[in-house]
$ cat coords-v1.cif   # mmCIF, C-alpha atoms
data_my_file
loop_
_atom_site.group_PDB
_atom_site.id
_atom_site.type_symbol
_atom_site.label_atom_id
_atom_site.label_comp_id
_atom_site.auth_asym_id
_atom_site.auth_seq_id
_atom_site.Cartn_x
_atom_site.Cartn_y
_atom_site.Cartn_z
ATOM 1 C CA MET A 282 11.508 -111.143 68.062
ATOM 2 C CA LEU A 283 7.990 -110.588 66.702
ATOM 3 C CA LEU A 284 4.945 -110.950 68.916
ATOM 4 C CA TYR A 285 1.618 -112.759 68.785
ATOM 5 C CA GLU A 286 -1.453 -111.288 70.503
ATOM 6 C CA THR A 287 -3.473 -113.004 73.210
ATOM 7 C CA LYS A 288 -5.615 -112.387 76.294
ATOM 8 C CA PRO A 289 -4.255 -111.881 79.846
ATOM 9 C CA PHE A 290 -3.311 -115.021 81.770
ATOM 10 C CA ASP A 291 -1.374 -116.186 84.839
ATOM 11 C CA ASP A 292 1.548 -118.568 84.432
ATOM 12 C CA GLU A 293 4.598 -119.094 86.621
ATOM 13 C CA ASN A 294 6.614 -119.932 83.484
ATOM 14 C CA TYR A 295 6.236 -116.351 82.217
ATOM 15 C CA ILE A 296 7.342 -112.872 83.185
ATOM 16 C CA TYR A 297 5.244 -109.814 82.376
ATOM 17 C CA GLU A 298 6.443 -106.390 81.281
ATOM 18 C CA LEU A 299 4.651 -103.194 80.323
ATOM 19 C CA LYS A 300 4.097 -102.827 76.587
ATOM 20 C CA LEU A 301 5.474 -99.349 76.027
ATOM 21 C CA ASP A 302 3.831 -97.081 73.469
ATOM 22 C CA GLY A 303 6.989 -96.198 71.588
ATOM 23 C CA ILE A 304 9.274 -97.260 68.742
ATOM 24 C CA ARG A 305 11.203 -100.540 68.743
ATOM 25 C CA CYS A 306 14.952 -100.027 68.546
ATOM 26 C CA LEU A 307 18.264 -101.883 68.703
ATOM 27 C CA ALA A 308 21.169 -100.061 70.357
ATOM 28 C CA TYR A 309 24.738 -100.981 69.397
ATOM 29 C CA ILE A 310 26.925 -99.595 72.168
ATOM 30 C CA ASP A 311 30.637 -99.627 72.903
ATOM 31 C CA ASN A 312 32.940 -97.321 74.871
ATOM 32 C CA LYS A 313 33.213 -94.890 71.961
ATOM 33 C CA SER A 314 29.794 -94.710 70.348
ATOM 34 C CA VAL A 315 26.071 -95.429 70.304
ATOM 35 C CA VAL A 316 24.354 -96.532 67.071
ATOM 36 C CA LEU A 317 20.580 -96.910 66.905
ATOM 37 C CA HIS A 318 18.641 -98.965 64.350
ATOM 38 C CA ASN A 319 14.855 -99.110 64.086
ATOM 39 C CA LYS A 320 13.000 -102.332 63.278
ATOM 40 C CA ARG A 321 13.438 -101.673 59.561
ATOM 41 C CA HIS A 322 17.208 -101.681 60.136
ATOM 42 C CA LYS A 323 17.467 -97.959 59.390
ATOM 43 C CA ASP A 324 20.145 -96.001 61.228
ATOM 44 C CA VAL A 325 18.278 -93.394 63.308
ATOM 45 C CA THR A 326 21.171 -92.353 65.565
ATOM 46 C CA SER A 327 21.232 -88.714 64.407
ATOM 47 C CA ILE A 328 17.543 -88.217 65.282
ATOM 48 C CA TYR A 329 18.133 -88.826 68.991
ATOM 49 C CA PRO A 330 21.325 -86.996 70.039
ATOM 50 C CA GLU A 331 20.308 -87.149 73.713
ATOM 51 C CA LEU A 332 21.048 -90.894 73.614
ATOM 52 C CA SER A 333 24.654 -90.451 72.508
ATOM 53 C CA ARG A 334 25.935 -90.770 76.078
ATOM 54 C CA MET A 335 24.330 -94.133 76.809
ATOM 55 C CA ASN A 336 27.754 -95.734 76.390
ATOM 56 C CA ARG A 337 28.665 -94.265 79.775
ATOM 57 C CA CYS A 338 26.171 -96.720 81.260
ATOM 58 C CA VAL A 339 27.676 -99.962 79.961
ATOM 59 C CA LYS A 340 30.825 -101.770 81.008
ATOM 60 C CA GLU A 341 31.312 -103.718 77.796
ATOM 61 C CA ARG A 342 30.350 -103.794 74.134
ATOM 62 C CA VAL A 343 26.650 -104.691 73.903
ATOM 63 C CA ILE A 344 23.616 -104.853 71.655
ATOM 64 C CA LEU A 345 20.421 -103.964 73.479
ATOM 65 C CA ASP A 346 16.843 -104.510 72.354
ATOM 66 C CA GLY A 347 14.400 -101.944 73.623
ATOM 67 C CA GLU A 348 11.918 -99.177 73.040
ATOM 68 C CA LEU A 349 12.307 -95.478 72.362
ATOM 69 C CA VAL A 350 9.732 -93.522 74.362
ATOM 70 C CA VAL A 351 8.856 -89.958 75.243
ATOM 71 C CA LEU A 352 7.123 -89.506 78.575
ATOM 72 C CA ASN A 353 4.328 -86.991 79.073
ATOM 73 C CA LYS A 354 3.708 -84.902 82.194
ATOM 74 C CA GLU A 355 2.009 -87.870 83.871
ATOM 75 C CA GLY A 356 5.050 -90.045 83.249
ATOM 76 C CA LYS A 357 3.284 -92.158 80.616
ATOM 77 C CA PRO A 358 4.644 -92.946 77.137
ATOM 78 C CA ASP A 359 3.357 -90.519 74.511
ATOM 79 C CA PHE A 360 3.274 -92.268 71.131
ATOM 80 C CA TYR A 361 2.533 -89.113 69.163
ATOM 81 C CA ALA A 362 5.501 -87.303 70.709
ATOM 82 C CA ILE A 363 7.946 -90.073 69.766
ATOM 83 C CA GLN A 364 6.343 -90.330 66.345
ATOM 84 C CA ARG A 365 6.949 -86.615 65.758
ATOM 85 C CA ARG A 366 10.564 -87.027 66.850
ATOM 86 C CA SER A 367 11.077 -89.944 64.481
ATOM 87 C CA LEU A 368 10.047 -87.828 61.482
ATOM 88 C CA MET A 369 12.394 -84.923 62.181
ATOM 89 C CA THR A 370 15.202 -84.171 59.732
ATOM 90 C CA ASP A 371 16.296 -80.624 60.595
ATOM 91 C CA THR A 372 19.365 -80.738 62.856
ATOM 92 C CA PHE A 373 18.497 -77.519 64.695
ATOM 93 C CA LYS A 374 14.935 -78.640 65.464
ATOM 94 C CA ILE A 375 16.194 -82.057 66.547
ATOM 95 C CA GLY A 376 18.546 -80.376 69.000
ATOM 96 C CA LEU A 377 15.748 -78.284 70.479
ATOM 97 C CA ALA A 378 13.469 -81.323 70.788
ATOM 98 C CA ALA A 379 16.225 -83.338 72.463
ATOM 99 C CA LYS A 380 16.257 -80.769 75.266
ATOM 100 C CA SER A 381 12.551 -79.996 75.544
ATOM 101 C CA ASN A 382 11.145 -83.488 74.852
ATOM 102 C CA PRO A 383 13.961 -85.982 75.487
ATOM 103 C CA VAL A 384 13.700 -89.587 74.400
ATOM 104 C CA GLN A 385 14.344 -92.489 76.744
ATOM 105 C CA PHE A 386 15.743 -95.840 75.675
ATOM 106 C CA VAL A 387 14.092 -98.583 77.732
ATOM 107 C CA ALA A 388 16.129 -101.786 77.431
ATOM 108 C CA TYR A 389 14.279 -105.056 77.890
ATOM 109 C CA ASP A 390 16.770 -107.492 76.384
ATOM 110 C CA ILE A 391 20.439 -107.952 75.536
ATOM 111 C CA ILE A 392 21.493 -110.076 72.565
ATOM 112 C CA TYR A 393 25.256 -109.468 72.485
ATOM 113 C CA ASN A 394 27.774 -108.832 75.243
ATOM 114 C CA ASP A 395 31.558 -108.393 74.964
ATOM 115 C CA GLY A 396 32.016 -110.833 72.083
ATOM 116 C CA ASP A 397 29.329 -113.305 73.168
ATOM 117 C CA ASP A 398 26.170 -113.960 71.146
ATOM 118 C CA LEU A 399 23.422 -114.292 73.758
ATOM 119 C CA THR A 400 20.536 -115.238 71.461
ATOM 120 C CA ASP A 401 20.834 -118.933 72.385
ATOM 121 C CA LYS A 402 20.611 -118.245 76.129
ATOM 122 C CA PRO A 403 17.262 -118.355 77.978
ATOM 123 C CA LEU A 404 15.500 -115.079 78.686
ATOM 124 C CA MET A 405 16.100 -115.011 82.435
ATOM 125 C CA GLU A 406 19.828 -115.505 81.922
ATOM 126 C CA ARG A 407 19.841 -112.627 79.431
ATOM 127 C CA LYS A 408 17.916 -110.496 81.926
ATOM 128 C CA ALA A 409 20.546 -111.190 84.599
ATOM 129 C CA ILE A 410 23.354 -110.201 82.205
ATOM 130 C CA LEU A 411 21.457 -107.052 81.217
ATOM 131 C CA SER A 412 21.154 -105.953 84.857
ATOM 132 C CA LYS A 413 24.809 -106.728 85.489
ATOM 133 C CA VAL A 414 26.417 -104.883 82.569
ATOM 134 C CA VAL A 415 24.038 -101.911 82.228
ATOM 135 C CA LYS A 416 23.831 -99.089 84.737
ATOM 136 C CA GLU A 417 20.825 -96.837 84.380
ATOM 137 C CA GLY A 418 21.348 -93.180 83.516
ATOM 138 C CA ASN A 419 21.841 -90.816 80.560
ATOM 139 C CA ASN A 420 18.361 -91.554 79.174
ATOM 140 C CA LEU A 421 18.863 -95.325 79.476
ATOM 141 C CA THR A 422 16.649 -97.422 81.736
ATOM 142 C CA ILE A 423 15.944 -101.126 82.168
ATOM 143 C CA SER A 424 12.432 -102.500 81.810
ATOM 144 C CA ARG A 425 10.933 -103.905 85.012
ATOM 145 C CA TYR A 426 8.900 -107.093 85.113
ATOM 146 C CA ILE A 427 6.783 -109.211 87.418
ATOM 147 C CA GLU A 428 6.320 -112.968 87.519
ATOM 148 C CA LYS A 429 3.211 -115.174 87.358
ATOM 149 C CA ASN A 430 0.467 -112.564 87.950
ATOM 150 C CA GLY A 431 -0.323 -111.527 84.391
ATOM 151 C CA VAL A 432 -4.041 -110.893 84.874
ATOM 152 C CA ALA A 433 -3.610 -108.480 87.782
ATOM 153 C CA PHE A 434 -0.759 -106.719 85.979
ATOM 154 C CA PHE A 435 -2.899 -106.325 82.869
ATOM 155 C CA GLU A 436 -5.743 -104.838 84.916
ATOM 156 C CA LEU A 437 -3.297 -102.377 86.449
ATOM 157 C CA ALA A 438 -2.081 -101.355 82.980
ATOM 158 C CA LYS A 439 -5.692 -100.967 81.885
ATOM 159 C CA ALA A 440 -6.569 -98.839 84.913
ATOM 160 C CA GLN A 441 -3.610 -96.575 84.173
ATOM 161 C CA GLU A 442 -4.664 -96.309 80.503
ATOM 162 C CA LEU A 443 -1.395 -97.797 79.286
ATOM 163 C CA GLU A 444 -0.913 -99.714 76.034
ATOM 164 C CA GLY A 445 -0.871 -103.174 77.599
ATOM 165 C CA ILE A 446 1.625 -105.806 78.703
ATOM 166 C CA VAL A 447 3.922 -108.400 77.132
ATOM 167 C CA ALA A 448 4.175 -111.971 78.451
ATOM 168 C CA LYS A 449 7.515 -113.734 77.870
ATOM 169 C CA ARG A 450 8.477 -117.319 78.583
ATOM 170 C CA LYS A 451 11.313 -117.472 81.080
ATOM 171 C CA ASP A 452 13.185 -120.078 79.030
ATOM 172 C CA SER A 453 12.624 -118.408 75.639
ATOM 173 C CA LEU A 454 15.568 -117.905 73.305
ATOM 174 C CA TYR A 455 15.967 -114.742 71.238
ATOM 175 C CA GLN A 456 14.851 -115.484 67.677
ATOM 176 C CA ILE A 457 15.861 -112.655 65.366
ATOM 177 C CA GLY A 458 13.123 -111.569 62.949
ATOM 178 C CA LYS A 459 10.863 -114.521 63.751
ATOM 179 C CA ARG A 460 7.325 -114.500 65.091
ATOM 180 C CA THR A 461 7.127 -116.710 68.148
ATOM 181 C CA ARG A 462 4.557 -117.577 70.780
ATOM 182 C CA ASP A 463 7.221 -117.270 73.452
ATOM 183 C CA TRP A 464 6.508 -113.518 73.521
ATOM 184 C CA LEU A 465 2.840 -112.533 73.650
ATOM 185 C CA LYS A 466 1.492 -108.998 73.535
ATOM 186 C CA ILE A 467 -1.690 -108.317 75.481
ATOM 187 C CA LYS A 468 -3.180 -104.982 74.486
ATOM 188 C CA VAL A 469 -5.531 -102.735 76.388
ATOM 189 C CA MET A 470 -8.276 -102.015 73.894
ATOM 190 C CA GLN A 471 -11.662 -100.325 74.076
ATOM 191 C CA ASP A 472 -14.984 -100.845 72.328
ATOM 192 C CA GLU A 473 -17.256 -98.135 70.986
ATOM 193 C CA ASP A 474 -20.596 -98.280 69.221
ATOM 194 C CA LEU A 475 -20.552 -96.020 66.162
ATOM 195 C CA LEU A 476 -22.653 -95.115 63.160
ATOM 196 C CA ILE A 477 -21.689 -96.427 59.732
ATOM 197 C CA LEU A 478 -21.790 -93.253 57.655
ATOM 198 C CA GLY A 479 -20.331 -94.622 54.455
ATOM 199 C CA TYR A 480 -17.892 -96.985 52.852
ATOM 200 C CA GLN A 481 -15.084 -96.870 50.330
ATOM 201 C CA PRO A 482 -15.524 -99.580 47.691
ATOM 202 C CA ASP A 483 -12.791 -101.800 46.304
ATOM 203 C CA LEU A 484 -12.021 -102.138 42.596
ATOM 204 C CA LYS A 485 -15.049 -104.408 42.181
ATOM 205 C CA GLY A 486 -17.367 -101.880 43.818
ATOM 206 C CA GLU A 487 -17.791 -103.980 46.961
ATOM 207 C CA VAL A 488 -17.598 -102.699 50.551
ATOM 208 C CA LYS A 489 -14.015 -102.207 51.708
ATOM 209 C CA ASP A 490 -13.357 -99.472 54.326
ATOM 210 C CA LEU A 491 -16.112 -98.293 56.671
ATOM 211 C CA ILE A 492 -16.351 -94.605 57.606
ATOM 212 C CA LEU A 493 -17.557 -94.299 61.203
ATOM 213 C CA GLY A 494 -18.931 -91.401 63.209
ATOM 214 C CA TYR A 495 -21.133 -90.068 66.005
ATOM 215 C CA PHE A 496 -23.281 -87.055 66.920
ATOM 216 C CA ASP A 497 -21.678 -84.249 68.907
ATOM 217 C CA ASP A 498 -23.440 -82.214 71.610
ATOM 218 C CA ASP A 499 -25.000 -79.992 68.943
ATOM 219 C CA GLY A 500 -26.431 -82.954 67.072
ATOM 220 C CA LYS A 501 -23.919 -82.702 64.227
ATOM 221 C CA LEU A 502 -22.202 -85.737 62.830
ATOM 222 C CA GLN A 503 -18.500 -86.034 63.605
ATOM 223 C CA CYS A 504 -15.947 -88.419 62.161
ATOM 224 C CA ARG A 505 -14.337 -91.171 64.248
ATOM 225 C CA GLY A 506 -12.248 -92.549 61.409
ATOM 226 C CA LYS A 507 -12.359 -95.610 59.216
ATOM 227 C CA VAL A 508 -11.797 -99.324 59.655
ATOM 228 C CA TYR A 509 -11.271 -102.239 57.290
ATOM 229 C CA LEU A 510 -10.025 -105.105 59.454
ATOM 230 C CA GLY A 511 -12.531 -107.656 60.721
ATOM 231 C CA ILE A 512 -15.508 -107.006 58.435
ATOM 232 C CA SER A 513 -17.140 -110.290 57.473
ATOM 233 C CA LYS A 514 -18.536 -111.146 54.038
ATOM 234 C CA GLU A 515 -22.044 -111.242 55.454
ATOM 235 C CA GLU A 516 -21.672 -107.787 56.972
ATOM 236 C CA ARG A 517 -20.341 -106.433 53.697
ATOM 237 C CA ARG A 518 -23.413 -107.884 51.972
ATOM 238 C CA ILE A 519 -25.789 -106.310 54.522
ATOM 239 C CA ILE A 520 -24.137 -102.894 54.236
ATOM 240 C CA SER A 521 -24.139 -103.084 50.439
ATOM 241 C CA GLN A 522 -27.805 -104.060 50.422
ATOM 242 C CA PHE A 523 -28.654 -101.206 52.806
ATOM 243 C CA ALA A 524 -26.864 -98.769 50.516
ATOM 244 C CA ARG A 525 -29.197 -99.509 47.592
ATOM 245 C CA GLY A 526 -31.931 -97.288 48.979
ATOM 246 C CA ASN A 527 -30.227 -95.336 51.762
ATOM 247 C CA THR A 528 -27.450 -93.208 50.296
ATOM 248 C CA VAL A 529 -27.037 -89.450 50.688
ATOM 249 C CA ARG A 530 -25.655 -87.128 48.018
ATOM 250 C CA LYS A 531 -23.749 -84.650 50.189
ATOM 251 C CA PRO A 532 -20.636 -86.122 51.820
ATOM 252 C CA TRP A 533 -20.603 -86.231 55.594
ATOM 253 C CA PHE A 534 -16.847 -85.746 55.638
ATOM 254 C CA PRO A 535 -15.389 -84.267 52.416
ATOM 255 C CA LYS A 536 -11.813 -85.275 53.344
ATOM 256 C CA TYR A 537 -12.639 -88.845 52.306
ATOM 257 C CA LYS A 538 -12.828 -89.474 48.571
ATOM 258 C CA ASN A 539 -14.627 -92.145 46.551
ATOM 259 C CA VAL A 540 -17.149 -92.879 49.313
ATOM 260 C CA VAL A 541 -20.688 -94.216 49.165
ATOM 261 C CA TRP A 542 -22.294 -92.073 51.865
ATOM 262 C CA LEU A 543 -25.122 -93.580 53.906
ATOM 263 C CA LYS A 544 -27.978 -92.416 56.066
ATOM 264 C CA PRO A 545 -26.917 -92.667 59.750
ATOM 265 C CA GLN A 546 -28.952 -95.754 60.575
ATOM 266 C CA LEU A 547 -26.554 -98.702 60.745
ATOM 267 C CA VAL A 548 -24.705 -99.269 64.011
ATOM 268 C CA GLY A 549 -21.576 -101.283 64.650
ATOM 269 C CA THR A 550 -18.811 -101.711 67.207
ATOM 270 C CA ALA A 551 -15.178 -100.776 66.668
ATOM 271 C CA HIS A 552 -12.395 -102.217 68.812
ATOM 272 C CA PHE A 553 -9.360 -99.942 69.128
ATOM 273 C CA MET A 554 -6.388 -99.114 71.303
ATOM 274 C CA HIS A 555 -7.171 -95.524 72.206
ATOM 275 C CA GLU A 556 -8.267 -92.201 70.808
ATOM 276 C CA THR A 557 -5.778 -90.296 68.644
ATOM 277 C CA GLU A 558 -4.962 -86.614 69.022
ATOM 278 C CA ASN A 559 -7.483 -85.655 66.316
ATOM 279 C CA GLY A 560 -10.287 -87.805 67.731
ATOM 280 C CA GLY A 561 -9.725 -90.856 65.566
ATOM 281 C CA MET A 562 -9.019 -94.464 66.507
ATOM 282 C CA ARG A 563 -5.617 -96.058 66.822
ATOM 283 C CA GLN A 564 -5.340 -99.556 65.347
ATOM 284 C CA PRO A 565 -9.118 -100.087 64.939
ATOM 285 C CA VAL A 566 -10.642 -103.494 64.295
ATOM 286 C CA TRP A 567 -14.273 -104.073 63.381
ATOM 287 C CA LYS A 568 -16.155 -106.208 65.916
ATOM 288 C CA GLY A 569 -19.498 -106.386 64.169
ATOM 289 C CA LEU A 570 -22.883 -104.905 63.346
ATOM 290 C CA ARG A 571 -25.230 -104.104 66.231
ATOM 291 C CA THR A 572 -28.625 -105.234 65.002
ATOM 292 C CA ASP A 573 -29.764 -105.303 68.627
ATOM 293 C CA LYS A 574 -29.287 -101.571 69.176
ATOM 294 C CA SER A 575 -31.952 -98.999 68.345
ATOM 295 C CA ILE A 576 -30.996 -95.821 66.496
ATOM 296 C CA ASP A 577 -31.248 -93.124 69.153
ATOM 297 C CA LYS A 578 -29.252 -89.954 68.454
ATOM 298 C CA SER A 579 -28.550 -89.461 72.175
ATOM 299 C CA ASP A 580 -26.734 -92.815 72.239
ATOM 300 C CA PHE A 581 -24.157 -91.446 69.819
ATOM 301 C CA MET A 582 -23.416 -88.072 71.381
ATOM 302 C CA TYR A 583 -20.065 -87.388 73.016
#

$ encode --input "coords-v1.cif" --output "structure tokens"
Amino acid sequence: MLLYETKPFDDENYIYELKLDGIRCLAYIDNKSVVLHNKRHKDVTSIYPELSRMNRCVKERVILDGELVVLNKEGKPDFYAIQRRSLMTDTFKIGLAAKSNPVQFVAYDIIYNDGDDLTDKPLMERKAILSKVVKEGNNLTISRYIEKNGVAFFELAKAQELEGIVAKRKDSLYQIGKRTRDWLKIKVMQDEDLLILGYQPDLKGEVKDLILGYFDDDGKLQCRGKVYLGISKEERRIISQFARGNTVRKPWFPKYKNVVWLKPQLVGTAHFMHETENGGMRQPVWKGLRTDKSIDKSDFMY
């Protein structure tokens, strides 16, 4: 199942679950083995040896849909920790990580059970089967959900600085590999006003990626990252026109190549999930130029 995005809403025909900041995974489990496939259908079983005993938690042969997560000290999913685990190849290091930073498999659906294909059964029936045949333990848990109150649940996720929630129709069938409006992801995002410090042009020389930044406490420009989604044609024209007489020779951030660097005078708003470990933006989207905001260095200090 692939998800559309939307805004929070209340509906008694939906259930609401936390959107976990992890890696989507299918678990093929029987009484002898556990096999894990990521969403690209790659076998990743050997990367997560701590999940090899999940078969002790099921009564029958099953296929579970869920999320691989690593929890931080606050008990919240840590995307960067699971991402690091997913890239490991050394068996010794994987073994150490499995003990020091164990992965959890959070099951939120079941699509096969003891010879029965469950994809044509409604969600709530699948949920009931999931709870019946799976016993939590050995790094396997079942996703909790609430009914009807999506707005309040979203606000709770936002207050806890979690990734967001997912709304699912109670009568929805499981459609393999298809994007459907029966499952809707509702992300917690944040807005930030930033300076446009340059852009990377496309093959035609037109504005493509924007390089964004801010002033630190010492008045020095720092990088926030770059964004390319959401920039309108008119905004590209305005930025290109501004660049004609407002470029700088020395790069603000040498790590970026082929950049037209600009004087820090244009302001815009980026919409993103949360700050990355190195101070960048995760999944940024451009919201628009801020022609209403004056250029005051103190407004861009962090």

$ residues_around --input "coords-v1.cif" --residues "Asp490 in chain A" --least-positions-apart "6" --cutoff "9 Å" --atoms "all atoms listed in the file" --output "NGL selection string"
:A and (479-483 or 507-510 or 512)

$ residues_near_point --input "coords-v1.cif" --point "(-23.6, -97.3, 64.4)" --cutoff "7 Å" --atoms "all atoms listed in the file" --output "VMD selection string"
chain A and resid 474 to 477 546 to 549

$ write_last_selection --input "coords-v1.cif" --atoms "C-alpha atoms" --output "tab-separated table (two decimals), in the frame of the given file"
chain	number	residue	atom	x	y	z
A	474	ASP	CA	-20.60	-98.28	69.22
A	475	LEU	CA	-20.55	-96.02	66.16
A	476	LEU	CA	-22.65	-95.12	63.16
A	477	ILE	CA	-21.69	-96.43	59.73
A	546	GLN	CA	-28.95	-95.75	60.58
A	547	LEU	CA	-26.55	-98.70	60.74
A	548	VAL	CA	-24.70	-99.27	64.01
A	549	GLY	CA	-21.58	-101.28	64.65

$ resolve_selection --input "coords-v1.cif" --expression "the PyMOL selection byres ((chain A and resi 395) around 8)" --output "MDAnalysis selection string"
chainID A and resid 341:343 393:394 396:397

$ resolve_selection --input "coords-v1.cif" --expression "the PyMOL selection byres ((chain A and resi 557-574) around 10)" --output "count of residues only"
41

$ closest_residue --input "coords-v1.cif" --among "A:Phe435, A:Tyr455, A:Phe534, A:Tyr426" --to "Ile467 in chain A" --atoms "all atoms listed in the file"
A:Phe435

$ closest_residue --input "coords-v1.cif" --among "A:Lys300, A:Arg334, A:Arg518, A:Lys323" --to "Trp464 in chain A" --atoms "all atoms listed in the file"
A:Lys300

$ atom_distance --input "coords-v1.cif" --atom1 "CA of Lys466 in chain A" --atom2 "CA of Asp398 in chain A"
25.3 Å

$ atom_distance --input "coords-v1.cif" --atom1 "CA of Lys485 in chain A" --atom2 "CA of Thr528 in chain A"
18.6 Å

$ closest_residue --input "coords-v1.cif" --among "A:Pro545, A:Gly347, A:Gly303, A:Pro532" --to "Leu411 in chain A" --atoms "only C-alpha atoms"
A:Gly347

$ resolve_selection --input "coords-v1.cif" --expression "the PyMOL selection byres ((chain A and resi 292) around 8)" --output "PDB file with C-alpha atoms, keeping the file's coordinate frame"
ATOM      1  CA  PHE A 290      -3.311-115.021  81.770  1.00  0.00           C
ATOM      2  CA  ASP A 291      -1.374-116.186  84.839  1.00  0.00           C
ATOM      3  CA  GLU A 293       4.598-119.094  86.621  1.00  0.00           C
ATOM      4  CA  ASN A 294       6.614-119.932  83.484  1.00  0.00           C
ATOM      5  CA  TYR A 295       6.236-116.351  82.217  1.00  0.00           C
ATOM      6  CA  GLU A 428       6.320-112.968  87.519  1.00  0.00           C
ATOM      7  CA  LYS A 429       3.211-115.174  87.358  1.00  0.00           C
ATOM      8  CA  ASN A 430       0.467-112.564  87.950  1.00  0.00           C
ATOM      9  CA  GLY A 431      -0.323-111.527  84.391  1.00  0.00           C
TER      10      GLY A 431
END

$ residues_around --input "coords-v1.cif" --residues "Tyr297 in chain A" --least-positions-apart "4" --cutoff "6 Å" --atoms "only C-alpha atoms" --output "list in words"
Tyr426, Ile427, Val447 and Ala448 of chain A

$ closest_residue --input "coords-v1.cif" --among "A:Gly500, A:Pro289, A:Pro358, A:Gly486" --to "Gln441 in chain A" --atoms "only C-alpha atoms"
A:Pro358

$ atom_distance --input "coords-v1.cif" --atom1 "CA of Leu421 in chain A" --atom2 "CA of Leu368 in chain A"
21.4 Å
